[in-house]
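What follows is final_20.tsv (TSV, C-alpha atoms and all ligand atoms).
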chain	number	residue	atom	x	y	z
A	1	MET	CA	-2.14	-5.48	7.99
A	2	SER	CA	-0.25	-5.61	4.68
A	3	SER	CA	3.03	-3.67	4.37
A	4	PRO	CA	2.73	-0.09	3.13
A	5	THR	CA	4.44	0.53	-0.20
A	6	TRP	CA	6.54	3.35	1.21
A	7	VAL	CA	8.01	3.83	4.67
A	8	VAL	CA	9.26	7.39	5.16
A	9	LEU	CA	11.46	8.03	8.19
A	10	ASP	CA	12.51	10.98	10.29
A	11	ILE	CA	16.09	10.88	11.64
A	12	GLU	CA	16.54	12.72	14.97
A	13	GLY	CA	14.61	10.98	17.75
A	14	THR	CA	13.37	8.26	15.40
A	15	LEU	CA	16.41	6.54	13.86
A	16	SER	CA	19.16	8.24	15.86
A	17	SER	CA	19.25	9.91	19.25
A	18	THR	CA	18.74	13.60	19.80
A	19	HIS	CA	22.13	13.54	21.56
A	20	GLN	CA	23.76	12.24	18.37
A	21	VAL	CA	22.41	15.22	16.41
A	22	LEU	CA	22.26	18.10	18.89
A	23	VAL	CA	25.48	17.28	20.75
A	24	VAL	CA	27.77	15.12	18.58
A	25	LEU	CA	26.95	16.65	15.18
A	26	TYR	CA	26.23	20.20	16.37
A	27	ASP	CA	29.45	20.34	18.44
A	28	TYR	CA	31.36	19.14	15.38
A	29	ALA	CA	29.79	21.79	13.15
A	30	ARG	CA	29.98	24.77	15.54
A	31	PRO	CA	33.72	25.65	15.20
A	32	ARG	CA	33.87	24.63	11.52
A	33	LEU	CA	31.09	26.78	10.05
A	34	GLY	CA	33.16	29.98	9.87
A	35	PRO	CA	36.22	28.32	8.31
A	36	TRP	CA	33.89	26.55	5.85
A	37	ILE	CA	32.32	29.85	4.74
A	38	ASP	CA	35.76	31.46	4.37
A	39	GLY	CA	37.25	28.41	2.65
A	40	HIS	CA	34.54	28.04	-0.01
A	41	PRO	CA	33.69	31.59	-1.11
A	42	ASP	CA	32.87	30.53	-4.68
A	43	ASP	CA	30.75	27.47	-3.89
A	44	PRO	CA	27.22	28.39	-5.07
A	45	ALA	CA	25.71	26.51	-2.09
A	46	VAL	CA	27.76	28.65	0.32
A	47	VAL	CA	27.02	31.87	-1.56
A	48	GLU	CA	23.29	31.08	-1.42
A	49	ALA	CA	23.40	30.15	2.27
A	50	VAL	CA	25.26	33.33	3.17
A	51	ALA	CA	22.74	35.47	1.27
A	52	GLU	CA	19.88	33.71	3.06
A	53	ILE	CA	21.47	34.19	6.49
A	54	ARG	CA	21.88	37.91	5.78
A	55	GLU	CA	18.28	38.21	4.65
A	56	LEU	CA	16.73	36.15	7.47
A	57	ALA	CA	18.80	37.84	10.20
A	58	GLY	CA	18.58	41.32	8.71
A	59	LEU	CA	22.37	41.64	8.50
A	60	PRO	CA	23.86	44.37	6.29
A	61	GLY	CA	25.90	43.40	3.23
A	62	SER	CA	29.00	44.56	5.13
A	63	ALA	CA	28.52	41.86	7.81
A	64	GLY	CA	31.47	39.49	7.83
A	65	THR	CA	31.93	35.85	8.77
A	66	PRO	CA	31.94	36.46	12.57
A	67	GLU	CA	28.48	38.06	12.38
A	68	LEU	CA	27.19	35.25	10.15
A	69	VAL	CA	28.58	32.63	12.51
A	70	ALA	CA	27.00	34.36	15.51
A	71	VAL	CA	23.61	34.01	13.80
A	72	LEU	CA	24.28	30.34	12.97
A	73	HIS	CA	25.32	29.59	16.55
A	74	ASP	CA	22.24	31.33	17.91
A	75	TRP	CA	20.02	29.21	15.64
A	76	MET	CA	21.85	26.09	16.77
A	77	ASP	CA	21.52	27.02	20.45
A	78	ARG	CA	17.78	27.46	19.98
A	79	ASP	CA	17.57	24.40	17.67
A	80	GLN	CA	16.04	26.43	14.87
A	81	LYS	CA	16.10	24.20	11.78
A	82	VAL	CA	16.70	27.06	9.37
A	83	GLY	CA	17.51	26.26	5.71
A	84	PRO	CA	20.92	27.96	5.34
A	85	LEU	CA	22.10	26.52	8.68
A	86	LYS	CA	21.09	23.01	7.63
A	87	ALA	CA	22.79	23.48	4.24
A	88	LEU	CA	26.10	24.58	5.80
A	89	GLN	CA	25.97	21.95	8.55
A	90	GLY	CA	25.39	19.29	5.87
A	91	LEU	CA	28.54	20.35	3.99
A	92	VAL	CA	30.64	20.32	7.17
A	93	TRP	CA	29.28	16.93	8.23
A	94	GLN	CA	29.78	15.48	4.76
A	95	GLN	CA	33.47	16.35	5.04
A	96	GLY	CA	33.58	15.03	8.62
A	97	TYR	CA	32.19	11.65	7.61
A	98	ARG	CA	34.50	11.52	4.59
A	99	ASP	CA	37.53	12.27	6.79
A	100	GLY	CA	36.57	9.63	9.33
A	101	ASP	CA	35.97	12.19	12.10
A	102	LEU	CA	32.30	11.20	12.36
A	103	LEU	CA	30.48	7.87	12.48
A	104	ALA	CA	26.69	7.82	12.67
A	105	GLU	CA	25.06	5.88	15.49
A	106	LEU	CA	21.54	4.53	15.12
A	107	PHE	CA	19.26	3.09	17.80
A	108	PRO	CA	19.92	-0.68	18.03
A	109	ASP	CA	16.50	-1.65	16.66
A	110	VAL	CA	16.86	0.48	13.52
A	111	VAL	CA	19.01	-1.51	11.13
A	112	PRO	CA	17.13	-4.81	11.70
A	113	ALA	CA	13.83	-2.97	11.09
A	114	LEU	CA	15.08	-1.23	7.95
A	115	LYS	CA	16.42	-4.49	6.55
A	116	SER	CA	13.21	-6.33	7.40
A	117	TRP	CA	11.01	-3.70	5.71
A	118	HIS	CA	13.32	-3.61	2.71
A	119	GLY	CA	13.40	-7.40	2.50
A	120	ASN	CA	9.60	-7.57	2.67
A	121	GLY	CA	9.27	-5.31	-0.35
A	122	SER	CA	8.59	-1.97	1.33
A	123	ARG	CA	10.38	0.97	-0.21
A	124	LEU	CA	12.24	3.35	2.08
A	125	ALA	CA	12.79	7.10	2.09
A	126	VAL	CA	13.98	9.71	4.58
A	127	PHE	CA	12.38	13.06	5.45
A	128	SER	CA	14.53	15.09	7.83
A	129	SER	CA	15.38	18.70	8.52
A	130	GLY	CA	19.01	17.68	7.93
A	131	SER	CA	20.04	18.53	4.35
A	132	VAL	CA	20.02	15.79	1.73
A	133	ALA	CA	23.84	16.01	1.51
A	134	GLY	CA	24.09	15.56	5.27
A	135	GLN	CA	21.61	12.67	5.26
A	136	VAL	CA	23.45	10.75	2.54
A	137	ALA	CA	26.78	11.22	4.33
A	138	PHE	CA	25.19	10.12	7.63
A	139	PHE	CA	23.73	6.89	6.24
A	140	GLY	CA	26.88	6.22	4.24
A	141	HIS	CA	29.00	6.14	7.40
A	142	THR	CA	27.21	4.37	10.23
A	143	THR	CA	28.57	2.06	12.90
A	144	GLU	CA	26.79	-0.67	10.94
A	145	GLY	CA	28.25	0.24	7.58
A	146	ASP	CA	26.97	1.99	4.50
A	147	LEU	CA	23.16	1.93	4.55
A	148	THR	CA	22.55	4.25	1.61
A	149	GLY	CA	21.45	1.35	-0.59
A	150	LEU	CA	18.35	0.89	1.56
A	151	PHE	CA	16.88	4.30	0.71
A	152	GLU	CA	15.43	5.31	-2.64
A	153	HIS	CA	14.76	8.96	-1.79
A	154	HIS	CA	15.93	11.65	0.61
A	155	PHE	CA	13.77	14.67	1.39
A	156	ASP	CA	14.62	17.80	3.34
A	157	THR	CA	13.04	21.19	3.95
A	158	VAL	CA	14.42	22.43	0.61
A	159	ASN	CA	13.18	19.77	-1.79
A	160	ALA	CA	9.97	18.98	0.16
A	161	GLY	CA	9.22	21.87	2.53
A	162	PRO	CA	8.75	22.36	6.29
A	163	LYS	CA	8.08	19.17	8.22
A	164	ARG	CA	5.03	20.55	10.02
A	165	GLU	CA	3.17	21.50	6.82
A	166	GLU	CA	0.75	19.23	5.00
A	167	ALA	CA	1.91	20.55	1.60
A	168	SER	CA	5.36	19.03	2.15
A	169	TYR	CA	3.87	15.55	2.48
A	170	ARG	CA	1.77	16.08	-0.64
A	171	ALA	CA	4.94	17.13	-2.49
A	172	ILE	CA	6.77	14.00	-1.33
A	173	ALA	CA	3.85	11.74	-2.36
A	174	ALA	CA	3.99	13.29	-5.82
A	175	VAL	CA	7.70	12.47	-6.14
A	176	LEU	CA	7.16	8.94	-4.81
A	177	ASP	CA	4.29	8.68	-7.30
A	178	ALA	CA	2.27	6.85	-4.67
A	179	PRO	CA	-1.24	7.28	-3.26
A	180	ALA	CA	-1.18	8.83	0.21
A	181	ASP	CA	-2.66	5.74	1.85
A	182	GLU	CA	0.31	3.67	0.67
A	183	ILE	CA	2.81	5.81	2.58
A	184	VAL	CA	3.58	5.61	6.29
A	185	PHE	CA	5.61	8.23	8.13
A	186	TYR	CA	7.55	7.48	11.32
A	187	SER	CA	8.49	10.43	13.51
A	188	ASP	CA	9.04	11.39	17.14
A	189	VAL	CA	7.33	14.78	16.69
A	190	PRO	CA	3.52	14.82	16.94
A	191	ALA	CA	3.19	18.03	14.88
A	192	GLU	CA	4.98	16.34	11.96
A	193	LEU	CA	2.64	13.36	12.21
A	194	HIS	CA	-0.40	15.66	12.24
A	195	ALA	CA	0.83	17.24	8.97
A	196	ALA	CA	1.45	13.85	7.36
A	197	ALA	CA	-1.96	12.58	8.45
A	198	ALA	CA	-3.61	15.71	7.04
A	199	ALA	CA	-2.08	14.73	3.69
A	200	GLY	CA	-3.68	11.29	4.01
A	201	TRP	CA	-0.57	9.35	5.03
A	202	GLY	CA	-0.44	6.61	7.62
A	203	THR	CA	1.49	7.72	10.69
A	204	VAL	CA	3.44	6.11	13.51
A	205	GLY	CA	4.69	8.03	16.52
A	206	VAL	CA	8.06	6.87	17.82
A	207	ALA	CA	8.13	7.56	21.58
A	208	ARG	CA	11.55	6.41	22.74
A	209	ASP	CA	12.62	6.30	26.37
A	210	GLY	CA	14.91	9.20	27.25
A	211	GLU	CA	14.14	11.21	24.11
A	212	PRO	CA	12.52	14.68	24.25
A	213	TYR	CA	9.19	13.35	22.90
A	214	GLY	CA	9.30	10.07	24.81
A	215	ASP	CA	6.35	11.10	26.98
A	216	ALA	CA	4.56	13.26	24.41
A	217	ASP	CA	0.86	12.98	23.63
A	218	PHE	CA	0.66	11.37	20.19
A	219	GLY	CA	-3.12	11.74	20.05
A	220	PRO	CA	-4.64	9.68	17.25
A	221	HIS	CA	-1.35	8.34	15.90
A	222	ARG	CA	-0.33	4.74	16.44
A	223	THR	CA	2.64	4.88	18.78
A	224	VAL	CA	5.59	2.53	19.27
A	225	ARG	CA	8.55	2.66	21.64
A	226	SER	CA	10.99	1.21	19.08
A	227	LEU	CA	10.85	0.17	15.43
B	1	LIG	C1	23.12	14.27	9.11
B	1	LIG	S1	21.44	14.24	9.38
B	1	LIG	C2	21.28	15.36	10.71
B	1	LIG	C3	19.90	15.57	11.07
B	1	LIG	C4	19.63	17.01	11.38
B	1	LIG	O1	20.41	17.88	11.09
B	1	LIG	C5	18.41	17.35	12.01
B	1	LIG	O2	18.15	18.53	12.23
B	1	LIG	C6	17.45	16.27	12.35
B	1	LIG	O3	16.13	16.71	12.28
B	1	LIG	P1	14.94	15.67	12.06
B	1	LIG	O4	14.02	16.39	11.14
B	1	LIG	O5	15.48	14.41	11.49
B	1	LIG	O6	14.30	15.45	13.39
B	2	MG	MG	12.76	13.95	14.68

Mind converting the file's structure to structure tokens?
Amino acid sequence: MSSPTWVVLDIEGTLSSTHQVLVVLYDYARPRLGPWIDGHPDDPAVVEAVAEIRELAGLPGSAGTPELVAVLHDWMDRDQKVGPLKALQGLVWQQGYRDGDLLAELFPDVVPALKSWHGNGSRLAVFSSGSVAGQVAFFGHTTEGDLTGLFEHHFDTVNAGPKREEASYRAIAAVLDAPADEIVFYSDVPAELHAAAAAGWGTVGVARDGEPYGDADFGPHRTVRSL
């Protein structure tokens, strides 16, 4: 089989462990979200996120930072990948990577695979629920160095759309300016692969030992246990 033109990759469960995201990164963000909101009242990204939290949670305009943070923590506890949460987490993580508090860990097979694909002429992009700012900071500060040069595009639920909707994959294909059958998506979540396949993309399920979807039913999707 010849290499696809584009390889598009999910992060959590595919390139990096669920523990790395839901424990390491979430625990880092949890106590810092409130101070971040209070410390950046004029940042348009924060203003927008706060307005969205109020709207989505039905909070009154009088609700202060503690109420906003309670909503954010509840979303995190239930792993709801909600836009304003991902935006604020991304800003906190960006600072954490910049300050040297955080260092991203990838599964051991990931960097060799990325470099091999890249070296063979495939073009790489990321599609994750994590915000683009968070993604770029993550790949810029890994235990194996700055990997940002490997990726030509980063997509999230803001610039592409929800990961379980076909329209998001059509939107990404339009930006990549590539026919659907020249794009392959790697993810640990079958519902995301179903949406990509509905858009005509090639799909690969990544069923890693010890990960939440390690024993999932990937149905028609080609499945691997590592990259
Ligand atoms: C710094 S990237 C963090 C990734 C993240 O926040 C996340 O929710 C991962 O979701 P994915 O869509 O990659 O499974
Ligand atoms: Mg995932």

Among A:Ala207, A:Ile37, A:Ala104, A:Ile172, ligand LIG 1 (chain B) is approached most closely, using all atoms listed in the file, by A:Ala104

Region 183-193 of chain A, all listed atoms, 6 Å padding on each side: what axis-aligned box centre and edge lengths in Å to one decimal come out, as JSON?
{"center_x": 5.8, "center_y": 11.8, "center_z": 9.9, "size_x": 18.4, "size_y": 24.4, "size_z": 26.6}

Residues at most 8 Å from region 76-85 of chain A, counting only C-alpha atoms, excluding those fewer than 4 positions away in the same chain, as a ChimeraX atom specification? /A:22,26,48-50,52-53,72,89,129,157-158

Let me see if you get this right: every residue at most 10 Å from ligand MG 2 (chain B), counting all atoms listed in the file, written as a PyMOL selection string. chain A and resi 9-18+21+127-130+163+186-190+192+206+211-213

Close residues, Gly34 (chain A) itself excluded, 7 Å, all atoms listed in the file, min 4 positions apart in chain, as a ChimeraX atom specification: /A:38,65,69

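With distances restricted to only C-alpha atoms and all ligand atoms, A:Asp156 is the closest residue to ligand LIG 1 (chain B) from A:Asp209, A:Asp156, A:Glu166, A:Asp109.
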
Non-local contacts of Leu114 (chain A) (9 Å; all atoms listed in the file; under 5 positions in same chain excluded) as a list in words: Asp109, Gly119, Leu124, Leu150 and Leu227 of chain A

Env of region 135-137 of chain A: 10 Å cut, atoms = only C-alpha atoms, seq-sep filter 5 positions within chain, self excluded. Answer as a ChimeraX atom specification. /A:11,90-91,93-98,102-104,126-130,142,146-148,151,153-156

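Taking CA of Val8 (chain A) and CA of Arg123 (chain A) as endpoints, the distance between them is 8.4 Å.
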
Using Å and a single decimal, report how far CA of Thr5 (chain A) sits from CA of Asp181 (chain A). 9.0 Å

Using the incomplete input, complete region 180-201 of chain A to the level of N, CA and C atoms; output as a CSV table (one decimal), in the frame of the given file.
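Saved as rebuild_8.csv:
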chain,number,residue,atom,x,y,z
A,180,ALA,N,-1.5,8.5,-1.2
A,180,ALA,CA,-1.2,8.8,0.2
A,180,ALA,C,-1.4,7.7,1.2
A,181,ASP,N,-2.4,6.8,0.9
A,181,ASP,CA,-2.7,5.7,1.8
A,181,ASP,C,-1.7,4.6,1.7
A,182,GLU,N,-0.7,4.7,0.8
A,182,GLU,CA,0.3,3.7,0.7
A,182,GLU,C,1.7,4.2,1.2
A,183,ILE,N,1.6,5.2,2.0
A,183,ILE,CA,2.8,5.8,2.6
A,183,ILE,C,2.6,5.9,4.1
A,184,VAL,N,3.6,5.5,4.8
A,184,VAL,CA,3.6,5.6,6.3
A,184,VAL,C,4.8,6.4,6.7
A,185,PHE,N,4.5,7.4,7.6
A,185,PHE,CA,5.6,8.2,8.1
A,185,PHE,C,5.9,7.9,9.6
A,186,TYR,N,7.1,7.7,9.9
A,186,TYR,CA,7.6,7.5,11.3
A,186,TYR,C,8.3,8.7,11.8
A,187,SER,N,7.8,9.3,12.9
A,187,SER,CA,8.5,10.4,13.5
A,187,SER,C,8.3,10.5,15.0
A,188,ASP,N,9.2,11.2,15.7
A,188,ASP,CA,9.0,11.4,17.1
A,188,ASP,C,8.3,12.7,17.4
A,189,VAL,N,7.9,13.5,16.4
A,189,VAL,CA,7.3,14.8,16.7
A,189,VAL,C,5.9,14.8,16.3
A,190,PRO,N,4.9,14.9,17.3
A,190,PRO,CA,3.5,14.8,16.9
A,190,PRO,C,3.1,15.8,15.9
A,191,ALA,N,3.6,17.0,15.9
A,191,ALA,CA,3.2,18.0,14.9
A,191,ALA,C,3.5,17.6,13.5
A,192,GLU,N,4.6,16.8,13.3
A,192,GLU,CA,5.0,16.3,12.0
A,192,GLU,C,4.0,15.3,11.5
A,193,LEU,N,3.6,14.4,12.5
A,193,LEU,CA,2.6,13.4,12.2
A,193,LEU,C,1.3,13.9,11.9
A,194,HIS,N,0.9,15.0,12.6
A,194,HIS,CA,-0.4,15.7,12.2
A,194,HIS,C,-0.4,16.1,10.8
A,195,ALA,N,0.7,16.7,10.3
A,195,ALA,CA,0.8,17.2,9.0
A,195,ALA,C,0.8,16.1,8.0
A,196,ALA,N,1.5,15.0,8.3
A,196,ALA,CA,1.4,13.8,7.4
A,196,ALA,C,0.1,13.3,7.3
A,197,ALA,N,-0.6,13.2,8.4
A,197,ALA,CA,-2.0,12.6,8.4
A,197,ALA,C,-2.9,13.5,7.7
A,198,ALA,N,-2.7,14.8,7.8
A,198,ALA,CA,-3.6,15.7,7.0
A,198,ALA,C,-3.5,15.5,5.5
A,199,ALA,N,-2.3,15.0,5.1
A,199,ALA,CA,-2.1,14.7,3.7
A,199,ALA,C,-2.6,13.3,3.3
A,200,GLY,N,-3.1,12.6,4.3
A,200,GLY,CA,-3.7,11.3,4.0
A,200,GLY,C,-2.7,10.1,4.3
A,201,TRP,N,-1.5,10.4,4.8
A,201,TRP,CA,-0.6,9.4,5.0
A,201,TRP,C,-0.9,8.6,6.3
